[in-house]
Amino acid sequence: MKKILLMHGPNLNLLGKRNPEHYGSLTLKRIEDLTVEEAKKFNYEIISYQSNHEGNLIDKLQIEANHCVAIIINPGAFTHYSYALYDALLDTELPIVEVHLSDIKQREAWRSISVTAPACINVIWGKKEKGYIEAVNMIAEHLK
Ligand code: DQA
């Protein structure tokens, strides 16, 4: 089965408790399960990984890029300033969809900037967990 890496950055392990108005009420596990279910429809396996640490995310990207055909990532706050993560994403040479649960364009000004987005084929924001379903469909379409 072809694999998609589903990656979450800092504080997203607290989903379910974190500001539900912005992030919805689902836990990270539930979001991962929903993504797995959607990916199954297209015969993709999901490899899930979350870390609060930039270096861990980069290490995982470097390892898994060799085994995966695409990446779905919510980099959390690293979105807005991690050029190291941007470089690591770019170096995978894989199709990547960036997902944000909240509407990053309608919050603090600094959140509307994504330094990681230029490494991605698309960015989805403001659709809560539905963004992940859309991301799987985008990747399936892209890899067709
Ligand atoms: C987020 C938006 C980021 O600005 C924030 O730091 C997060 C979550 C989102 O999913 O909406 O941790 O990526």
# chains A, B, ... in the order shown; residues from 1 in each chain; ligands from 1

$ select_by_dssp --residues "region 56-132 of chain A" --states "helix (DSSP H, G or I)" --output "VMD selection string"
chain A and resid 56 to 64 76 to 80 83 to 92 104 to 106 109 to 112 117 to 119 130 to 132

$ residues_near_ligand --ligand "ligand 1" --cutoff "10 Å" --atoms "only C-alpha atoms and all ligand atoms" --output "compact mmCIF listing (two decimals) with all heavy atoms, in the first residue's frame"
# COMPACT_ATOMS: atom_id res chain seq x y z
N HIS A 8 1.83 16.43 12.37
CA HIS A 8 1.31 17.54 13.17
C HIS A 8 2.41 18.15 14.03
O HIS A 8 3.18 17.42 14.66
CB HIS A 8 0.16 17.07 14.08
CG HIS A 8 -1.12 16.88 13.33
ND1 HIS A 8 -1.48 15.68 12.80
CD2 HIS A 8 -2.10 17.75 13.03
CE1 HIS A 8 -2.66 15.82 12.19
NE2 HIS A 8 -3.05 17.06 12.31
N GLY A 9 2.42 19.46 14.07
CA GLY A 9 3.42 20.20 14.85
C GLY A 9 2.97 20.51 16.26
O GLY A 9 2.04 19.89 16.80
N PRO A 10 3.61 21.51 16.88
CA PRO A 10 3.45 21.77 18.31
C PRO A 10 2.02 22.11 18.74
O PRO A 10 1.28 22.78 18.02
CB PRO A 10 4.37 22.98 18.56
CG PRO A 10 4.63 23.56 17.22
CD PRO A 10 4.54 22.43 16.24
N ASN A 11 1.70 21.60 19.91
CA ASN A 11 0.44 21.86 20.63
C ASN A 11 -0.77 21.15 20.02
O ASN A 11 -1.85 21.16 20.61
CB ASN A 11 0.16 23.36 20.74
CG ASN A 11 1.26 24.09 21.48
OD1 ASN A 11 1.63 23.67 22.57
ND2 ASN A 11 1.82 25.12 20.89
N LEU A 12 -0.58 20.51 18.89
CA LEU A 12 -1.73 19.84 18.27
C LEU A 12 -2.05 18.52 18.95
O LEU A 12 -3.12 17.96 18.74
CB LEU A 12 -1.50 19.69 16.76
CG LEU A 12 -1.49 21.07 16.08
CD1 LEU A 12 -0.88 20.99 14.69
CD2 LEU A 12 -2.89 21.67 16.01
N ASN A 13 -1.16 18.06 19.84
CA ASN A 13 -1.47 16.91 20.70
C ASN A 13 -2.58 17.27 21.69
O ASN A 13 -3.21 16.39 22.26
CB ASN A 13 -0.22 16.43 21.46
CG ASN A 13 0.47 17.54 22.22
OD1 ASN A 13 0.64 18.64 21.70
ND2 ASN A 13 0.85 17.30 23.45
N LEU A 14 -2.83 18.56 21.86
CA LEU A 14 -3.87 19.00 22.82
C LEU A 14 -5.22 19.26 22.15
O LEU A 14 -6.14 19.80 22.79
CB LEU A 14 -3.40 20.27 23.55
CG LEU A 14 -2.18 20.11 24.45
CD1 LEU A 14 -1.86 21.42 25.15
CD2 LEU A 14 -2.38 19.00 25.48
N LEU A 15 -5.35 18.90 20.90
CA LEU A 15 -6.65 19.10 20.23
C LEU A 15 -7.73 18.37 21.00
O LEU A 15 -7.51 17.29 21.54
CB LEU A 15 -6.60 18.58 18.78
CG LEU A 15 -5.80 19.43 17.80
CD1 LEU A 15 -5.78 18.76 16.43
CD2 LEU A 15 -6.36 20.84 17.69
N ARG A 18 -8.03 22.29 23.20
CA ARG A 18 -7.56 23.61 22.75
C ARG A 18 -8.68 24.36 22.09
O ARG A 18 -9.36 23.81 21.21
CB ARG A 18 -6.49 23.37 21.68
CG ARG A 18 -5.12 23.73 22.07
CD ARG A 18 -4.22 23.62 20.86
NE ARG A 18 -3.58 24.87 20.56
CZ ARG A 18 -2.83 25.05 19.49
NH1 ARG A 18 -2.68 24.11 18.60
NH2 ARG A 18 -2.27 26.22 19.30
N HIS A 22 -11.70 27.79 17.44
CA HIS A 22 -10.74 27.83 16.33
C HIS A 22 -10.46 26.44 15.78
O HIS A 22 -10.36 26.26 14.57
CB HIS A 22 -9.41 28.45 16.78
CG HIS A 22 -9.46 29.92 16.95
ND1 HIS A 22 -9.95 30.74 15.97
CD2 HIS A 22 -9.10 30.71 17.99
CE1 HIS A 22 -9.87 32.00 16.40
NE2 HIS A 22 -9.37 32.00 17.61
N TYR A 23 -10.32 25.47 16.68
CA TYR A 23 -9.76 24.18 16.26
C TYR A 23 -10.76 23.03 16.24
O TYR A 23 -10.39 21.91 15.86
CB TYR A 23 -8.57 23.82 17.18
CG TYR A 23 -7.50 24.90 17.19
CD1 TYR A 23 -7.12 25.53 18.38
CD2 TYR A 23 -6.89 25.31 16.01
CE1 TYR A 23 -6.16 26.53 18.40
CE2 TYR A 23 -5.93 26.32 16.01
CZ TYR A 23 -5.56 26.91 17.22
OH TYR A 23 -4.61 27.91 17.22
N GLY A 24 -12.02 23.30 16.62
CA GLY A 24 -13.00 22.22 16.66
C GLY A 24 -12.86 21.41 17.94
O GLY A 24 -12.01 21.70 18.79
N ILE A 73 0.44 17.99 6.15
CA ILE A 73 1.05 18.54 7.36
C ILE A 73 0.27 19.72 7.90
O ILE A 73 -0.16 20.60 7.14
CB ILE A 73 2.53 18.94 7.12
CG1 ILE A 73 3.19 19.40 8.44
CG2 ILE A 73 2.67 20.01 6.04
CD1 ILE A 73 4.71 19.47 8.39
N ASN A 74 0.07 19.70 9.23
CA ASN A 74 -0.36 20.90 9.94
C ASN A 74 0.83 21.27 10.83
O ASN A 74 1.03 20.66 11.89
CB ASN A 74 -1.61 20.62 10.78
CG ASN A 74 -2.08 21.88 11.50
OD1 ASN A 74 -1.33 22.86 11.64
ND2 ASN A 74 -3.32 21.85 11.97
N PRO A 75 1.63 22.23 10.41
CA PRO A 75 2.86 22.53 11.18
C PRO A 75 2.62 23.34 12.44
O PRO A 75 3.59 23.71 13.11
CB PRO A 75 3.71 23.34 10.18
CG PRO A 75 2.99 23.29 8.86
CD PRO A 75 1.56 23.02 9.18
N GLY A 76 1.35 23.64 12.78
CA GLY A 76 1.08 24.47 13.97
C GLY A 76 1.78 25.81 13.81
O GLY A 76 1.92 26.33 12.70
N ALA A 77 2.28 26.35 14.91
CA ALA A 77 2.91 27.68 14.86
C ALA A 77 4.20 27.70 14.05
O ALA A 77 4.61 28.77 13.59
CB ALA A 77 3.16 28.18 16.28
N PHE A 78 4.82 26.53 13.80
CA PHE A 78 6.03 26.51 12.96
C PHE A 78 5.73 27.04 11.55
O PHE A 78 6.63 27.49 10.85
CB PHE A 78 6.62 25.11 12.87
CG PHE A 78 7.27 24.62 14.14
CD1 PHE A 78 7.22 23.29 14.50
CD2 PHE A 78 7.96 25.50 14.96
CE1 PHE A 78 7.82 22.83 15.66
CE2 PHE A 78 8.57 25.06 16.14
CZ PHE A 78 8.50 23.71 16.49
N THR A 79 4.46 26.92 11.16
CA THR A 79 4.00 27.45 9.86
C THR A 79 4.52 28.86 9.62
O THR A 79 4.87 29.22 8.50
CB THR A 79 2.45 27.56 9.88
OG1 THR A 79 1.90 26.30 10.20
CG2 THR A 79 1.90 28.08 8.57
N HIS A 80 4.52 29.64 10.70
CA HIS A 80 4.69 31.08 10.54
C HIS A 80 6.14 31.54 10.60
O HIS A 80 6.42 32.70 10.33
CB HIS A 80 3.85 31.80 11.61
CG HIS A 80 2.46 31.24 11.72
ND1 HIS A 80 1.58 31.27 10.66
CD2 HIS A 80 1.81 30.60 12.73
CE1 HIS A 80 0.45 30.68 11.02
NE2 HIS A 80 0.56 30.26 12.28
N GLU A 98 -0.75 21.44 3.00
CA GLU A 98 -0.71 22.03 4.36
C GLU A 98 -2.15 22.28 4.80
O GLU A 98 -2.94 22.84 4.05
CB GLU A 98 0.07 23.34 4.30
CG GLU A 98 0.20 24.05 5.63
CD GLU A 98 1.15 25.26 5.53
OE1 GLU A 98 2.30 25.08 5.10
OE2 GLU A 98 0.71 26.36 5.89
N VAL A 99 -2.46 21.84 6.02
CA VAL A 99 -3.83 22.00 6.54
C VAL A 99 -3.80 22.79 7.83
O VAL A 99 -2.96 22.55 8.71
CB VAL A 99 -4.48 20.61 6.81
CG1 VAL A 99 -5.87 20.78 7.42
CG2 VAL A 99 -4.56 19.78 5.54
N HIS A 100 -4.71 23.73 7.96
CA HIS A 100 -4.94 24.44 9.22
C HIS A 100 -6.41 24.31 9.58
O HIS A 100 -7.28 24.57 8.75
CB HIS A 100 -4.56 25.92 9.11
CG HIS A 100 -3.12 26.08 8.77
ND1 HIS A 100 -2.13 25.91 9.72
CD2 HIS A 100 -2.50 26.32 7.60
CE1 HIS A 100 -0.96 26.06 9.13
NE2 HIS A 100 -1.14 26.31 7.85
N LEU A 101 -6.65 23.94 10.82
CA LEU A 101 -8.03 23.78 11.28
C LEU A 101 -8.74 25.13 11.31
O LEU A 101 -9.90 25.26 10.92
CB LEU A 101 -8.03 23.18 12.70
CG LEU A 101 -7.50 21.74 12.77
CD1 LEU A 101 -6.84 21.48 14.11
CD2 LEU A 101 -8.62 20.76 12.51
N SER A 102 -8.04 26.14 11.80
CA SER A 102 -8.65 27.47 11.98
C SER A 102 -8.46 28.32 10.73
O SER A 102 -7.69 27.98 9.83
CB SER A 102 -8.00 28.17 13.18
OG SER A 102 -6.65 28.49 12.89
N ASP A 103 -9.16 29.44 10.71
CA ASP A 103 -9.05 30.37 9.59
C ASP A 103 -7.89 31.32 9.87
O ASP A 103 -8.08 32.40 10.44
CB ASP A 103 -10.37 31.13 9.41
CG ASP A 103 -10.35 31.97 8.15
OD1 ASP A 103 -9.25 32.13 7.57
OD2 ASP A 103 -11.41 32.46 7.76
N ILE A 104 -6.69 30.89 9.47
CA ILE A 104 -5.48 31.66 9.80
C ILE A 104 -5.46 33.05 9.14
O ILE A 104 -4.69 33.91 9.54
CB ILE A 104 -4.18 30.89 9.46
CG1 ILE A 104 -4.18 30.43 8.00
CG2 ILE A 104 -3.99 29.71 10.41
CD1 ILE A 104 -2.84 29.84 7.54
N LYS A 105 -6.33 33.25 8.16
CA LYS A 105 -6.38 34.55 7.46
C LYS A 105 -7.20 35.58 8.23
O LYS A 105 -7.17 36.77 7.93
CB LYS A 105 -6.96 34.39 6.06
CG LYS A 105 -6.28 33.36 5.20
CD LYS A 105 -4.87 33.78 4.80
CE LYS A 105 -4.20 32.69 3.99
NZ LYS A 105 -2.78 32.90 3.79
N ARG A 107 -7.29 35.78 11.73
CA ARG A 107 -6.87 35.87 13.14
C ARG A 107 -5.77 36.93 13.24
O ARG A 107 -5.80 37.92 12.53
CB ARG A 107 -6.42 34.48 13.62
CG ARG A 107 -7.55 33.43 13.54
CD ARG A 107 -7.09 32.06 13.97
NE ARG A 107 -6.72 32.04 15.39
CZ ARG A 107 -6.09 31.01 15.97
NH1 ARG A 107 -5.77 29.93 15.26
NH2 ARG A 107 -5.80 31.06 17.25
N GLU A 108 -4.81 36.76 14.15
CA GLU A 108 -3.71 37.73 14.26
C GLU A 108 -2.99 37.82 12.90
O GLU A 108 -2.86 36.81 12.20
CB GLU A 108 -2.71 37.30 15.32
CG GLU A 108 -3.28 37.15 16.73
CD GLU A 108 -3.69 35.72 17.03
OE1 GLU A 108 -4.18 35.01 16.13
OE2 GLU A 108 -3.53 35.30 18.20
N TRP A 110 0.07 37.91 12.08
CA TRP A 110 1.22 37.01 11.87
C TRP A 110 0.80 35.61 11.47
O TRP A 110 1.56 34.88 10.84
CB TRP A 110 2.14 36.99 13.10
CG TRP A 110 1.50 36.60 14.41
CD1 TRP A 110 0.96 37.44 15.33
CD2 TRP A 110 1.31 35.28 14.93
NE1 TRP A 110 0.46 36.73 16.40
CE2 TRP A 110 0.67 35.40 16.18
CE3 TRP A 110 1.64 33.99 14.46
CZ2 TRP A 110 0.33 34.29 16.97
CZ3 TRP A 110 1.30 32.89 15.25
CH2 TRP A 110 0.65 33.04 16.48
N ARG A 111 -0.45 35.22 11.81
CA ARG A 111 -0.90 33.87 11.46
C ARG A 111 -1.24 33.73 9.98
O ARG A 111 -1.34 32.63 9.45
CB ARG A 111 -2.14 33.49 12.28
CG ARG A 111 -1.82 33.02 13.66
CD ARG A 111 -3.03 32.39 14.30
NE ARG A 111 -3.02 32.61 15.71
CZ ARG A 111 -2.44 31.79 16.60
NH1 ARG A 111 -1.85 30.69 16.21
NH2 ARG A 111 -2.46 32.08 17.88
N SER A 112 -1.46 34.86 9.33
CA SER A 112 -1.86 34.77 7.91
C SER A 112 -0.65 34.48 7.02
O SER A 112 -0.78 34.20 5.85
CB SER A 112 -2.60 36.02 7.48
OG SER A 112 -1.71 37.10 7.51
N ILE A 113 0.56 34.56 7.63
CA ILE A 113 1.77 34.27 6.85
C ILE A 113 2.18 32.82 7.06
O ILE A 113 2.32 32.36 8.19
CB ILE A 113 2.92 35.21 7.27
CG1 ILE A 113 2.56 36.64 6.89
CG2 ILE A 113 4.24 34.79 6.65
CD1 ILE A 113 3.30 37.68 7.68
N SER A 114 2.37 32.10 5.95
CA SER A 114 2.91 30.75 6.03
C SER A 114 4.23 30.69 5.27
O SER A 114 4.24 30.87 4.05
CB SER A 114 1.93 29.72 5.44
OG SER A 114 2.59 28.46 5.34
N ILE A 124 -4.93 24.42 2.90
CA ILE A 124 -6.35 24.45 3.26
C ILE A 124 -6.45 25.05 4.65
O ILE A 124 -5.69 24.64 5.55
CB ILE A 124 -6.94 23.01 3.28
CG1 ILE A 124 -6.81 22.37 1.90
CG2 ILE A 124 -8.39 23.00 3.77
CD1 ILE A 124 -7.02 20.85 1.91
N TRP A 125 -7.35 25.99 4.86
CA TRP A 125 -7.50 26.55 6.20
C TRP A 125 -8.97 26.83 6.50
O TRP A 125 -9.78 27.00 5.59
CB TRP A 125 -6.66 27.83 6.37
CG TRP A 125 -7.09 28.96 5.49
CD1 TRP A 125 -8.02 29.92 5.77
CD2 TRP A 125 -6.61 29.25 4.17
NE1 TRP A 125 -8.15 30.79 4.71
CE2 TRP A 125 -7.29 30.41 3.73
CE3 TRP A 125 -5.67 28.65 3.32
CZ2 TRP A 125 -7.06 30.97 2.47
CZ3 TRP A 125 -5.44 29.21 2.08
CH2 TRP A 125 -6.13 30.35 1.67
N GLY A 126 -9.28 26.82 7.79
CA GLY A 126 -10.61 27.26 8.24
C GLY A 126 -11.72 26.24 8.07
O GLY A 126 -12.88 26.56 8.28
N LYS A 127 -11.39 25.00 7.75
CA LYS A 127 -12.45 24.00 7.54
C LYS A 127 -12.45 22.95 8.64
O LYS A 127 -13.05 21.89 8.50
CB LYS A 127 -12.26 23.33 6.17
CG LYS A 127 -12.40 24.34 5.04
CD LYS A 127 -12.35 23.67 3.69
CE LYS A 127 -12.59 24.72 2.60
NZ LYS A 127 -12.36 24.17 1.27
N LYS A 128 -11.74 23.22 9.72
CA LYS A 128 -11.60 22.27 10.84
C LYS A 128 -11.22 20.88 10.29
O LYS A 128 -10.43 20.83 9.35
CB LYS A 128 -12.85 22.27 11.70
CG LYS A 128 -13.14 23.68 12.26
CD LYS A 128 -13.67 23.67 13.65
CE LYS A 128 -13.62 25.05 14.29
NZ LYS A 128 -14.54 26.04 13.77
N GLU A 129 -11.77 19.81 10.84
CA GLU A 129 -11.29 18.47 10.44
C GLU A 129 -11.59 18.15 8.97
O GLU A 129 -10.93 17.30 8.37
CB GLU A 129 -11.86 17.39 11.37
CG GLU A 129 -13.35 17.20 11.33
CD GLU A 129 -14.10 18.17 12.26
OE1 GLU A 129 -13.46 19.01 12.91
OE2 GLU A 129 -15.33 18.05 12.30
N GLY A 131 -10.85 19.75 6.53
CA GLY A 131 -9.67 20.09 5.74
C GLY A 131 -8.80 18.88 5.43
O GLY A 131 -8.18 18.79 4.37

$ residues_around --residues "region 90-92 of chain A" --least-positions-apart "3" --cutoff "6 Å" --atoms "only C-alpha atoms" --output "PyMOL selection string"
chain A and resi 65+87+119

$ write_last_selection --atoms "N, CA and C atoms" --output "short mmCIF file (atom, residue, chain, number, x, y, z; two decimals), in the first residue's frame"
data_model
loop_
_atom_site.label_atom_id
_atom_site.label_comp_id
_atom_site.auth_asym_id
_atom_site.auth_seq_id
_atom_site.Cartn_x
_atom_site.Cartn_y
_atom_site.Cartn_z
N ALA A 65 10.27 10.40 4.05
CA ALA A 65 10.15 10.86 2.66
C ALA A 65 10.52 9.72 1.69
N ASP A 87 12.55 24.15 4.41
CA ASP A 87 13.63 23.48 3.66
C ASP A 87 13.45 21.97 3.67
N ALA A 119 6.36 25.34 -0.17
CA ALA A 119 6.83 23.97 -0.42
C ALA A 119 5.66 23.03 -0.75
#

$ residues_around --residues "Asp33 (chain A)" --least-positions-apart "5" --cutoff "12 Å" --atoms "only C-alpha atoms" --output "JSON, numbers by chain"
{"A": [6, 26, 27, 28, 38, 39, 40, 45, 46, 47, 48, 129, 132, 133]}

$ atom_distance --atom1 "CA of Glu64 (chain A)" --atom2 "CA of Val97 (chain A)"
15.8 Å

$ select_by_dssp --residues "region 2-108 of chain A" --states "strand (DSSP E)" --output "list in words"
Lys2, Lys3, Ile4, Leu5, Leu6, Met7, His8, Tyr44, Glu45, Ile46, Ile47, Ser48, Tyr49, Gln50, Ala70, Ile71, Ile72, Ile73, Asn74, Ile96, Val97, Glu98, Val99 and His100 of chain A
